[in-house]
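Colleague: Below is a structure I'd like to ask you about.
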Amino acid sequence: MDGREAQVNILSVLVYYAISPGTGAPLYDFCLMHHFSQGLCTHKAPEADWQTEPLRKEFGSSYPHFADRVSKLGLTYGGSRAHGEYPWNYQLLPKMPVKVVYYEGDDAFPGDIKIFYDKTAISFLNFEPLAVLNGCFIHALAALGKAQRAL
């Protein structure tokens, strides 16, 4: 690691992941994290997610800033399928790929950023540790953006 202390939240998540009975490979079929709360996975995107607010606050109006920061973290651009939609792929844990999608805003709608998890994520982490992992990932991305602005 980098010599700094790890936060207790991420350490707890890593312990849950390490002792997980989950097996198998990711499907690379993604859904929003909150759909795991009842074990259901759908592709419907709800209104703005309160958990990703730090990302919208940091990157919401600047795709170039977002792209620069996430590429430095190791996310890879997945190619846009629609105008103003920019998907980025990341291997958050060994069997837990995520897709971070930046949606450009316009006059009618503000920009948004959503994090999609592989449908098998719930096999490796229960909903609660998965939600903690999601929060840690979001805050790390937002902090990375703020650190660049401070330079």
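Letters A, B, ... go to the chains of the structure tokens in the order shown; residues in each chain start at 1; ligands are counted from 1 in the same order.
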If we count only C-alpha atoms, what is near Cys136 in chain A at a cut-off of 12 Å, once residues fewer than 3 positions away on the same chain are taken out, given as a count of residues only?

Modeller: 24

Colleague: Got a sec: who's within 7 Å of Ile115 in chain A, counting only C-alpha atoms, leaving out chain neighbours fewer than 3 positions off, as a ChimeraX atom specification?

Modeller: /A:32,98-101

Colleague: Suppose we keep N, CA and C atoms; can you now write the selection as a CSV table (one decimal), in the first residue's frame?

Modeller:
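Full text of result25.csv as output:
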chain,number,residue,atom,x,y,z
A,32,LEU,N,-27.5,-0.8,-11.2
A,32,LEU,CA,-27.3,0.2,-10.2
A,32,LEU,C,-27.2,-0.5,-8.8
A,98,VAL,N,-16.9,-2.7,-12.1
A,98,VAL,CA,-17.9,-1.7,-12.1
A,98,VAL,C,-17.8,-0.9,-13.3
A,99,LYS,N,-18.9,-0.2,-13.6
A,99,LYS,CA,-19.0,0.7,-14.8
A,99,LYS,C,-19.4,2.1,-14.2
A,100,VAL,N,-18.6,3.1,-14.4
A,100,VAL,CA,-18.9,4.4,-14.0
A,100,VAL,C,-19.3,5.2,-15.2
A,101,VAL,N,-20.5,5.7,-15.2
A,101,VAL,CA,-21.0,6.4,-16.4
A,101,VAL,C,-21.2,7.9,-16.1

Colleague: Near Glu104 in chain A, within 9 Å and counting only C-alpha atoms, which residues show up once chain neighbours fewer than 6 positions away are dropped, as JSON, numbers by chain?

Modeller: {"A": [60, 61, 62, 63, 83, 84, 85, 86, 110, 111, 112, 113]}

Colleague: Just the strand (DSSP E) stuff from chain A, please, per backbone DSSP, written as a count of residues only.

Modeller: 29
